[in-house]
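One file, coords12.cif, is given below (mmCIF, N, CA and C atoms).
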```
data_structure
loop_
_atom_site.label_atom_id
_atom_site.label_comp_id
_atom_site.auth_asym_id
_atom_site.auth_seq_id
_atom_site.Cartn_x
_atom_site.Cartn_y
_atom_site.Cartn_z
N SER A 115 -7.81 14.47 136.50
CA SER A 115 -7.19 15.31 137.48
C SER A 115 -5.69 15.20 137.42
N SER A 116 -5.05 16.30 137.75
CA SER A 116 -3.60 16.34 137.78
C SER A 116 -3.13 16.12 139.20
N SER A 117 -2.05 15.39 139.32
CA SER A 117 -1.48 15.23 140.66
C SER A 117 -0.31 16.18 140.78
N GLY A 118 0.05 16.50 141.98
CA GLY A 118 1.17 17.41 142.18
C GLY A 118 1.59 17.47 143.62
N ASN A 119 2.74 18.03 143.83
CA ASN A 119 3.26 18.20 145.17
C ASN A 119 3.15 19.68 145.46
N SER A 120 2.01 20.08 145.96
CA SER A 120 1.71 21.48 146.16
C SER A 120 1.62 21.81 147.64
N ALA A 121 1.93 23.04 147.96
CA ALA A 121 1.81 23.50 149.34
C ALA A 121 0.34 23.72 149.71
N TYR A 122 -0.56 23.80 148.72
CA TYR A 122 -1.94 24.15 149.00
C TYR A 122 -2.94 23.04 148.68
N PHE A 123 -2.71 22.27 147.60
CA PHE A 123 -3.65 21.23 147.19
C PHE A 123 -2.90 19.96 146.83
N ASN A 124 -3.52 18.82 147.08
CA ASN A 124 -2.93 17.53 146.72
C ASN A 124 -2.99 17.29 145.22
N TYR A 125 -3.92 17.97 144.53
CA TYR A 125 -4.09 17.85 143.09
C TYR A 125 -4.93 19.03 142.61
N VAL A 126 -4.97 19.21 141.30
CA VAL A 126 -5.83 20.22 140.68
C VAL A 126 -6.80 19.47 139.78
N PRO A 127 -8.12 19.67 139.92
CA PRO A 127 -9.09 18.88 139.16
C PRO A 127 -8.99 18.99 137.65
N ASP A 128 -8.69 20.19 137.12
CA ASP A 128 -8.70 20.38 135.67
C ASP A 128 -7.51 21.23 135.26
N GLY A 129 -6.47 20.61 134.75
CA GLY A 129 -5.29 21.34 134.30
C GLY A 129 -4.39 21.75 135.45
N THR A 130 -3.76 22.93 135.30
CA THR A 130 -2.82 23.39 136.32
C THR A 130 -3.18 24.75 136.90
N THR A 131 -4.23 25.37 136.37
CA THR A 131 -4.61 26.72 136.81
C THR A 131 -5.92 26.68 137.57
N VAL A 132 -5.98 27.42 138.68
CA VAL A 132 -7.23 27.56 139.44
C VAL A 132 -7.51 29.05 139.61
N ALA A 133 -8.74 29.36 139.94
CA ALA A 133 -9.11 30.75 140.26
C ALA A 133 -9.24 30.85 141.77
N TYR A 134 -8.94 32.04 142.29
CA TYR A 134 -9.15 32.27 143.72
C TYR A 134 -9.56 33.71 143.92
N SER A 135 -10.22 33.94 145.04
CA SER A 135 -10.62 35.28 145.41
C SER A 135 -10.36 35.46 146.90
N ASN A 136 -9.76 36.57 147.24
CA ASN A 136 -9.51 36.90 148.65
C ASN A 136 -10.62 37.80 149.17
N GLY A 137 -11.85 37.41 148.92
CA GLY A 137 -13.02 38.19 149.32
C GLY A 137 -13.67 38.78 148.09
N GLY A 138 -14.97 38.88 148.11
CA GLY A 138 -15.69 39.43 146.98
C GLY A 138 -16.17 38.35 146.04
N THR A 139 -16.48 38.74 144.80
CA THR A 139 -17.10 37.85 143.83
C THR A 139 -16.38 37.93 142.49
N ILE A 140 -16.17 36.77 141.89
CA ILE A 140 -15.73 36.66 140.50
C ILE A 140 -17.00 36.30 139.74
N SER A 141 -17.35 37.07 138.71
CA SER A 141 -18.59 36.77 138.00
C SER A 141 -18.40 36.87 136.49
N GLN A 142 -19.26 36.15 135.77
CA GLN A 142 -19.28 36.23 134.32
C GLN A 142 -20.71 36.02 133.84
N THR A 143 -21.18 36.94 133.00
CA THR A 143 -22.47 36.77 132.36
C THR A 143 -22.23 36.02 131.06
N VAL A 144 -22.89 34.87 130.91
CA VAL A 144 -22.66 34.04 129.72
C VAL A 144 -23.43 34.61 128.54
N GLY A 145 -23.08 34.19 127.33
CA GLY A 145 -23.71 34.72 126.14
C GLY A 145 -25.15 34.27 125.94
N ALA A 146 -25.46 33.06 126.36
CA ALA A 146 -26.82 32.53 126.20
C ALA A 146 -27.76 33.19 127.21
N THR A 147 -29.03 33.25 126.85
CA THR A 147 -30.05 33.76 127.76
C THR A 147 -30.99 32.61 128.13
N VAL A 148 -31.80 32.83 129.15
CA VAL A 148 -32.72 31.81 129.64
C VAL A 148 -33.73 31.44 128.57
N GLN A 149 -33.98 30.14 128.44
CA GLN A 149 -35.04 29.62 127.59
C GLN A 149 -35.97 28.82 128.48
N ALA A 150 -37.27 29.02 128.33
CA ALA A 150 -38.26 28.29 129.14
C ALA A 150 -38.14 26.79 128.88
N GLY A 151 -38.23 26.01 129.94
CA GLY A 151 -38.19 24.56 129.82
C GLY A 151 -36.81 23.96 129.70
N VAL A 152 -35.76 24.77 129.83
CA VAL A 152 -34.40 24.27 129.77
C VAL A 152 -33.83 24.21 131.18
N ILE A 153 -33.16 23.09 131.50
CA ILE A 153 -32.53 22.93 132.81
C ILE A 153 -31.07 23.37 132.68
N TYR A 154 -30.68 24.34 133.49
CA TYR A 154 -29.31 24.85 133.52
C TYR A 154 -28.61 24.24 134.73
N THR A 155 -27.42 23.69 134.49
CA THR A 155 -26.66 23.05 135.56
C THR A 155 -25.29 23.70 135.65
N LEU A 156 -25.02 24.33 136.79
CA LEU A 156 -23.71 24.90 137.08
C LEU A 156 -22.94 23.88 137.90
N SER A 157 -21.74 23.58 137.49
CA SER A 157 -20.87 22.67 138.22
C SER A 157 -19.54 23.38 138.47
N VAL A 158 -19.04 23.30 139.69
CA VAL A 158 -17.77 23.95 140.03
C VAL A 158 -17.08 23.14 141.13
N GLU A 159 -15.78 23.04 141.02
CA GLU A 159 -14.98 22.40 142.07
C GLU A 159 -14.57 23.49 143.07
N LEU A 160 -14.90 23.27 144.35
CA LEU A 160 -14.47 24.19 145.41
C LEU A 160 -13.36 23.51 146.20
N GLY A 161 -12.28 24.25 146.40
CA GLY A 161 -11.12 23.68 147.08
C GLY A 161 -10.94 24.20 148.49
N ASN A 162 -10.28 23.39 149.29
CA ASN A 162 -9.96 23.74 150.67
C ASN A 162 -8.45 23.61 150.83
N ARG A 163 -7.77 24.73 150.89
CA ARG A 163 -6.30 24.72 150.96
C ARG A 163 -5.80 23.90 152.14
N SER A 164 -4.69 23.21 151.92
CA SER A 164 -4.13 22.36 152.96
C SER A 164 -3.59 23.16 154.14
N ASP A 165 -3.32 24.45 153.94
CA ASP A 165 -2.84 25.29 155.04
C ASP A 165 -3.99 26.02 155.74
N ASN A 166 -5.22 25.58 155.49
CA ASN A 166 -6.41 26.18 156.07
C ASN A 166 -6.63 25.59 157.47
N ASN A 167 -5.93 26.12 158.42
CA ASN A 167 -6.04 25.61 159.79
C ASN A 167 -7.38 25.93 160.43
N GLY A 168 -8.13 26.87 159.85
CA GLY A 168 -9.42 27.23 160.40
C GLY A 168 -10.53 26.27 159.99
N GLY A 169 -10.21 25.27 159.18
CA GLY A 169 -11.22 24.31 158.76
C GLY A 169 -11.99 24.77 157.55
N TYR A 170 -13.25 24.35 157.44
CA TYR A 170 -14.04 24.55 156.25
C TYR A 170 -14.56 25.97 156.08
N ALA A 171 -14.41 26.81 157.06
CA ALA A 171 -15.00 28.16 157.01
C ALA A 171 -14.45 28.99 155.85
N ASN A 172 -13.27 28.65 155.34
CA ASN A 172 -12.64 29.48 154.31
C ASN A 172 -12.99 29.07 152.89
N GLN A 173 -13.84 28.07 152.71
CA GLN A 173 -14.21 27.70 151.35
C GLN A 173 -15.16 28.73 150.76
N GLY A 174 -15.13 28.85 149.45
CA GLY A 174 -16.02 29.77 148.78
C GLY A 174 -17.37 29.15 148.49
N SER A 175 -18.16 29.86 147.69
CA SER A 175 -19.46 29.36 147.25
C SER A 175 -19.66 29.76 145.80
N ALA A 176 -20.70 29.20 145.19
CA ALA A 176 -20.99 29.52 143.79
C ALA A 176 -22.50 29.57 143.61
N ASP A 177 -22.95 30.35 142.61
CA ASP A 177 -24.38 30.41 142.33
C ASP A 177 -24.62 30.87 140.90
N LEU A 178 -25.86 30.66 140.46
CA LEU A 178 -26.36 31.23 139.22
C LEU A 178 -27.22 32.43 139.59
N GLN A 179 -27.03 33.54 138.94
CA GLN A 179 -27.83 34.74 139.16
C GLN A 179 -28.71 34.93 137.93
N ILE A 180 -30.04 34.84 138.14
CA ILE A 180 -30.98 34.95 137.03
C ILE A 180 -32.14 35.84 137.46
N ASN A 181 -32.34 36.92 136.73
CA ASN A 181 -33.48 37.83 136.96
C ASN A 181 -33.56 38.28 138.43
N GLY A 182 -32.40 38.60 139.01
CA GLY A 182 -32.35 39.09 140.39
C GLY A 182 -32.40 38.02 141.46
N HIS A 183 -32.41 36.75 141.08
CA HIS A 183 -32.46 35.65 142.06
C HIS A 183 -31.19 34.83 141.98
N GLN A 184 -30.72 34.37 143.15
CA GLN A 184 -29.55 33.50 143.22
C GLN A 184 -30.00 32.06 143.43
N TYR A 185 -29.40 31.16 142.66
CA TYR A 185 -29.62 29.73 142.79
C TYR A 185 -28.28 29.13 143.21
N PHE A 186 -28.16 28.84 144.51
CA PHE A 186 -26.88 28.46 145.10
C PHE A 186 -26.50 27.02 144.81
N ALA A 187 -25.21 26.81 144.56
CA ALA A 187 -24.67 25.47 144.40
C ALA A 187 -24.58 24.81 145.77
N THR A 188 -24.83 23.52 145.80
CA THR A 188 -24.71 22.75 147.04
C THR A 188 -23.71 21.63 146.83
N GLY A 189 -23.12 21.20 147.91
CA GLY A 189 -22.14 20.12 147.88
C GLY A 189 -21.60 19.90 149.27
N SER A 190 -20.59 19.05 149.37
CA SER A 190 -19.97 18.75 150.65
C SER A 190 -18.64 19.49 150.76
N PRO A 191 -18.33 20.02 151.94
CA PRO A 191 -17.03 20.69 152.12
C PRO A 191 -15.88 19.72 151.83
N ALA A 192 -14.86 20.24 151.19
CA ALA A 192 -13.69 19.42 150.86
C ALA A 192 -12.78 19.29 152.08
N PRO A 193 -12.16 18.12 152.26
CA PRO A 193 -11.14 17.97 153.30
C PRO A 193 -9.93 18.85 152.96
N LEU A 194 -9.07 19.07 153.90
CA LEU A 194 -7.87 19.89 153.67
C LEU A 194 -7.08 19.36 152.47
N GLY A 195 -6.70 20.27 151.58
CA GLY A 195 -5.90 19.93 150.41
C GLY A 195 -6.68 19.29 149.29
N GLN A 196 -8.00 19.22 149.39
CA GLN A 196 -8.84 18.51 148.42
C GLN A 196 -9.84 19.45 147.75
N TRP A 197 -10.59 18.90 146.82
CA TRP A 197 -11.65 19.60 146.08
C TRP A 197 -12.91 18.75 146.10
N THR A 198 -14.07 19.38 146.06
CA THR A 198 -15.32 18.67 145.89
C THR A 198 -16.18 19.44 144.88
N THR A 199 -17.06 18.70 144.22
CA THR A 199 -17.94 19.29 143.21
C THR A 199 -19.20 19.84 143.86
N TRP A 200 -19.53 21.07 143.52
CA TRP A 200 -20.76 21.73 143.97
C TRP A 200 -21.60 22.00 142.73
N THR A 201 -22.92 21.89 142.86
CA THR A 201 -23.81 21.98 141.71
C THR A 201 -25.03 22.83 142.03
N ALA A 202 -25.41 23.68 141.07
CA ALA A 202 -26.65 24.47 141.17
C ALA A 202 -27.51 24.12 139.96
N TYR A 203 -28.83 24.03 140.19
CA TYR A 203 -29.78 23.73 139.12
C TYR A 203 -30.80 24.85 139.03
N TYR A 204 -31.20 25.14 137.80
CA TYR A 204 -32.27 26.11 137.57
C TYR A 204 -33.00 25.68 136.30
N THR A 205 -34.33 25.66 136.35
CA THR A 205 -35.15 25.35 135.17
C THR A 205 -35.77 26.65 134.68
N GLY A 206 -35.51 26.97 133.42
CA GLY A 206 -36.00 28.21 132.83
C GLY A 206 -37.52 28.29 132.84
N THR A 207 -38.04 29.45 133.20
CA THR A 207 -39.48 29.70 133.21
C THR A 207 -39.81 30.70 132.11
N SER A 208 -41.08 30.76 131.76
CA SER A 208 -41.49 31.74 130.74
C SER A 208 -41.28 33.17 131.25
N ALA A 209 -41.40 33.37 132.57
CA ALA A 209 -41.19 34.71 133.15
C ALA A 209 -39.73 35.15 133.03
N ASP A 210 -38.80 34.19 133.02
CA ASP A 210 -37.37 34.52 132.93
C ASP A 210 -36.82 34.40 131.51
N ALA A 211 -37.62 33.94 130.56
CA ALA A 211 -37.15 33.75 129.19
C ALA A 211 -36.52 35.04 128.66
N GLY A 212 -35.33 34.90 128.08
CA GLY A 212 -34.61 36.04 127.53
C GLY A 212 -33.74 36.78 128.52
N LYS A 213 -33.83 36.43 129.81
CA LYS A 213 -33.01 37.09 130.84
C LYS A 213 -31.58 36.55 130.78
N SER A 214 -30.64 37.34 131.26
CA SER A 214 -29.23 36.93 131.26
C SER A 214 -28.97 35.92 132.38
N ILE A 215 -27.88 35.16 132.20
CA ILE A 215 -27.44 34.15 133.15
C ILE A 215 -26.03 34.53 133.58
N THR A 216 -25.84 34.70 134.89
CA THR A 216 -24.54 35.07 135.42
C THR A 216 -24.06 33.99 136.38
N ILE A 217 -22.81 33.59 136.21
CA ILE A 217 -22.15 32.67 137.15
C ILE A 217 -21.40 33.50 138.15
N GLU A 218 -21.60 33.22 139.44
CA GLU A 218 -20.91 33.95 140.50
C GLU A 218 -20.12 32.98 141.37
N LEU A 219 -18.85 33.32 141.59
CA LEU A 219 -17.98 32.58 142.51
C LEU A 219 -17.70 33.53 143.67
N ASN A 220 -18.14 33.17 144.86
CA ASN A 220 -18.12 34.08 146.00
C ASN A 220 -17.13 33.63 147.06
N ALA A 221 -16.46 34.60 147.65
CA ALA A 221 -15.54 34.33 148.76
C ALA A 221 -15.87 35.28 149.89
N LEU A 222 -16.62 34.79 150.86
CA LEU A 222 -16.97 35.62 152.01
C LEU A 222 -15.89 35.58 153.07
N ALA A 223 -15.04 34.57 153.03
CA ALA A 223 -13.97 34.38 154.00
C ALA A 223 -12.64 34.77 153.35
N PRO A 224 -11.54 34.54 154.00
CA PRO A 224 -10.25 34.98 153.47
C PRO A 224 -9.94 34.53 152.05
N GLN A 225 -10.30 33.29 151.65
CA GLN A 225 -10.01 32.89 150.28
C GLN A 225 -10.93 31.78 149.82
N GLY A 226 -11.49 31.94 148.61
CA GLY A 226 -12.25 30.89 147.94
C GLY A 226 -11.43 30.41 146.76
N ASN A 227 -11.41 29.09 146.53
CA ASN A 227 -10.63 28.49 145.44
C ASN A 227 -11.58 27.71 144.53
N TYR A 228 -11.42 27.91 143.22
CA TYR A 228 -12.38 27.39 142.25
C TYR A 228 -11.66 26.76 141.06
N ASP A 229 -12.25 25.70 140.52
CA ASP A 229 -11.70 25.08 139.32
C ASP A 229 -12.83 24.36 138.58
N ASN A 230 -12.59 24.09 137.31
CA ASN A 230 -13.47 23.27 136.50
C ASN A 230 -14.93 23.79 136.52
N VAL A 231 -15.10 25.07 136.27
CA VAL A 231 -16.42 25.70 136.26
C VAL A 231 -17.09 25.42 134.92
N SER A 232 -18.33 24.92 134.95
CA SER A 232 -19.04 24.67 133.70
C SER A 232 -20.53 24.91 133.88
N LEU A 233 -21.17 25.30 132.78
CA LEU A 233 -22.62 25.50 132.74
C LEU A 233 -23.16 24.72 131.56
N SER A 234 -24.11 23.83 131.82
CA SER A 234 -24.73 23.08 130.74
C SER A 234 -26.22 23.39 130.68
N ALA A 235 -26.80 23.19 129.51
CA ALA A 235 -28.23 23.45 129.29
C ALA A 235 -28.84 22.21 128.63
N THR A 236 -29.91 21.69 129.24
CA THR A 236 -30.57 20.47 128.76
C THR A 236 -32.07 20.70 128.72
N PRO A 237 -32.73 20.35 127.62
CA PRO A 237 -34.19 20.47 127.60
C PRO A 237 -34.80 19.64 128.73
N GLU A 238 -35.87 20.15 129.32
CA GLU A 238 -36.54 19.47 130.42
C GLU A 238 -37.04 18.11 129.95
N PRO A 239 -36.91 17.05 130.79
CA PRO A 239 -37.42 15.73 130.38
C PRO A 239 -38.89 15.84 129.99
N GLY A 240 -39.23 15.18 128.93
CA GLY A 240 -40.61 15.22 128.47
C GLY A 240 -40.85 16.31 127.44
N PHE A 241 -39.91 17.25 127.30
CA PHE A 241 -40.11 18.35 126.35
C PHE A 241 -40.23 17.82 124.93
N TYR A 242 -39.27 16.96 124.52
CA TYR A 242 -39.31 16.44 123.16
C TYR A 242 -40.48 15.49 122.97
N GLY A 243 -40.83 14.73 124.01
CA GLY A 243 -42.00 13.85 123.93
C GLY A 243 -43.28 14.65 123.71
N ALA A 244 -43.43 15.72 124.47
CA ALA A 244 -44.61 16.57 124.32
C ALA A 244 -44.62 17.23 122.94
N LEU A 245 -43.44 17.64 122.49
CA LEU A 245 -43.35 18.25 121.16
C LEU A 245 -43.74 17.24 120.08
N ALA A 246 -43.24 16.00 120.19
CA ALA A 246 -43.55 14.96 119.21
C ALA A 246 -45.04 14.64 119.24
N LEU A 247 -45.62 14.54 120.43
CA LEU A 247 -47.04 14.27 120.55
C LEU A 247 -47.86 15.38 119.89
N GLY A 248 -47.48 16.61 120.14
CA GLY A 248 -48.17 17.74 119.53
C GLY A 248 -48.05 17.74 118.02
N MET A 249 -46.85 17.41 117.53
CA MET A 249 -46.64 17.36 116.08
C MET A 249 -47.43 16.23 115.45
N SER A 250 -47.50 15.06 116.12
CA SER A 250 -48.26 13.94 115.55
C SER A 250 -49.75 14.29 115.50
N GLY A 251 -50.25 14.98 116.52
CA GLY A 251 -51.64 15.43 116.51
C GLY A 251 -51.91 16.39 115.37
N LEU A 252 -50.95 17.25 115.10
CA LEU A 252 -51.08 18.19 113.98
C LEU A 252 -51.10 17.45 112.65
N LEU A 253 -50.26 16.42 112.49
CA LEU A 253 -50.23 15.65 111.26
C LEU A 253 -51.55 14.90 111.04
N VAL A 254 -52.12 14.33 112.12
CA VAL A 254 -53.40 13.63 112.01
C VAL A 254 -54.48 14.62 111.57
N ALA A 255 -54.49 15.81 112.14
CA ALA A 255 -55.48 16.82 111.77
C ALA A 255 -55.34 17.22 110.31
N ILE A 256 -54.10 17.34 109.84
CA ILE A 256 -53.86 17.71 108.44
C ILE A 256 -54.34 16.60 107.51
N GLN A 257 -54.04 15.33 107.86
CA GLN A 257 -54.44 14.21 107.03
C GLN A 257 -55.98 14.12 106.97
N ARG A 258 -56.65 14.31 108.09
CA ARG A 258 -58.12 14.26 108.10
C ARG A 258 -58.70 15.37 107.23
N ARG A 259 -58.08 16.52 107.30
CA ARG A 259 -58.59 17.66 106.53
C ARG A 259 -58.43 17.39 105.04
N ARG A 260 -57.32 16.73 104.65
CA ARG A 260 -57.09 16.43 103.24
C ARG A 260 -58.12 15.43 102.71
N ARG A 261 -58.53 14.47 103.57
CA ARG A 261 -59.47 13.44 103.15
C ARG A 261 -60.88 14.01 103.00
N ALA A 262 -61.19 15.06 103.69
CA ALA A 262 -62.55 15.61 103.67
C ALA A 262 -62.85 16.41 102.44
#
```
Show me this structure written as structure tokens.
Amino acid sequence: SSSGNSAYFNYVPDGTTVAYSNGGTISQTVGATVQAGVIYTLSVELGNRSDNNGGYANQGSADLQINGHQYFATGSPAPLGQWTTWTAYYTGTSADAGKSITIELNALAPQGNYDNVSLSATPEPGFYGALALGMSGLLVAIQRRRRA
């Protein structure tokens, strides 16, 4: 994180640039599509400006939009002048396989502030174990067939 003497934030989590919206949504459809059995993790820093006298009501929100459904990020509201990490999780299903993945940063109040937005994809735990077990069963079947 960068430190600074700012009128709005005590620091910026990643670099010196942040995104903000004065209402509405900032969105991006990523290049990858949904794969069944993959866990998608959206991580975003939501900021609360130090001049936000109205309290936490002015923070934004974030979500993953997949096949018409929103998977909202959850986290704790940031204190004035601070940032907190919000996270959304989605596990790809066979029904959603091949569908697009869109990241949405939403500001329903006067201003939402966003930084350090990332999306990661990880195979579901047990996926490689099940694959290895299936492959070993296939090898045993092939070896038995060769012996016969």
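With CA of Ala209 (chain A) on one side and CA of Thr236 (chain A) on the other, the separation reads 18.3 Å.
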Q: Apply the PyMOL selection byres ((chain A and resi 219) around 8) to the structure shown and report the selected residues as a ChimeraX atom specification.
A: /A:135,137-142,174-178,216-218,220-222,226,228
Residues as selected, N, CA and C atoms, written as a compact mmCIF listing (two decimals), in the frame of the given file, can you do that?
```txt
# COMPACT_ATOMS: atom_id res chain seq x y z
N SER A 135 -10.22 33.94 145.04
CA SER A 135 -10.62 35.28 145.41
C SER A 135 -10.36 35.46 146.90
N GLY A 137 -11.85 37.41 148.92
CA GLY A 137 -13.02 38.19 149.32
C GLY A 137 -13.67 38.78 148.09
N GLY A 138 -14.97 38.88 148.11
CA GLY A 138 -15.69 39.43 146.98
C GLY A 138 -16.17 38.35 146.04
N THR A 139 -16.48 38.74 144.80
CA THR A 139 -17.10 37.85 143.83
C THR A 139 -16.38 37.93 142.49
N ILE A 140 -16.17 36.77 141.89
CA ILE A 140 -15.73 36.66 140.50
C ILE A 140 -17.00 36.30 139.74
N SER A 141 -17.35 37.07 138.71
CA SER A 141 -18.59 36.77 138.00
C SER A 141 -18.40 36.87 136.49
N GLN A 142 -19.26 36.15 135.77
CA GLN A 142 -19.28 36.23 134.32
C GLN A 142 -20.71 36.02 133.84
N GLY A 174 -15.13 28.85 149.45
CA GLY A 174 -16.02 29.77 148.78
C GLY A 174 -17.37 29.15 148.49
N SER A 175 -18.16 29.86 147.69
CA SER A 175 -19.46 29.36 147.25
C SER A 175 -19.66 29.76 145.80
N ALA A 176 -20.70 29.20 145.19
CA ALA A 176 -20.99 29.52 143.79
C ALA A 176 -22.50 29.57 143.61
N ASP A 177 -22.95 30.35 142.61
CA ASP A 177 -24.38 30.41 142.33
C ASP A 177 -24.62 30.87 140.90
N LEU A 178 -25.86 30.66 140.46
CA LEU A 178 -26.36 31.23 139.22
C LEU A 178 -27.22 32.43 139.59
N THR A 216 -25.84 34.70 134.89
CA THR A 216 -24.54 35.07 135.42
C THR A 216 -24.06 33.99 136.38
N ILE A 217 -22.81 33.59 136.21
CA ILE A 217 -22.15 32.67 137.15
C ILE A 217 -21.40 33.50 138.15
N GLU A 218 -21.60 33.22 139.44
CA GLU A 218 -20.91 33.95 140.50
C GLU A 218 -20.12 32.98 141.37
N ASN A 220 -18.14 33.17 144.86
CA ASN A 220 -18.12 34.08 146.00
C ASN A 220 -17.13 33.63 147.06
N ALA A 221 -16.46 34.60 147.65
CA ALA A 221 -15.54 34.33 148.76
C ALA A 221 -15.87 35.28 149.89
N LEU A 222 -16.62 34.79 150.86
CA LEU A 222 -16.97 35.62 152.01
C LEU A 222 -15.89 35.58 153.07
N GLY A 226 -11.49 31.94 148.61
CA GLY A 226 -12.25 30.89 147.94
C GLY A 226 -11.43 30.41 146.76
N TYR A 228 -11.42 27.91 143.22
CA TYR A 228 -12.38 27.39 142.25
C TYR A 228 -11.66 26.76 141.06
```
Q.
Nearest residue to Asn124 (chain A) out of A:Asn181, A:Thr188, A:Trp197, A:Val158, using only N, CA and C atoms?
A. A:Trp197
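Within the file as shown, the PyMOL selection byres ((chain A and resi 211) around 8) identifies Thr147, Val148, Gln149, Ala150, Gly151, Gly206, Thr207, Ser208, Ala209, Asp210, Gly212, Lys213 and Ser214 of chain A.
When the PyMOL selection byres ((chain A and resi 203) around 6) is run on the displayed coordinates, the residues it returns are Tyr154, Thr155, Leu156, Tyr185, Phe186, Thr201, Ala202, Tyr204 and Thr205 of chain A.
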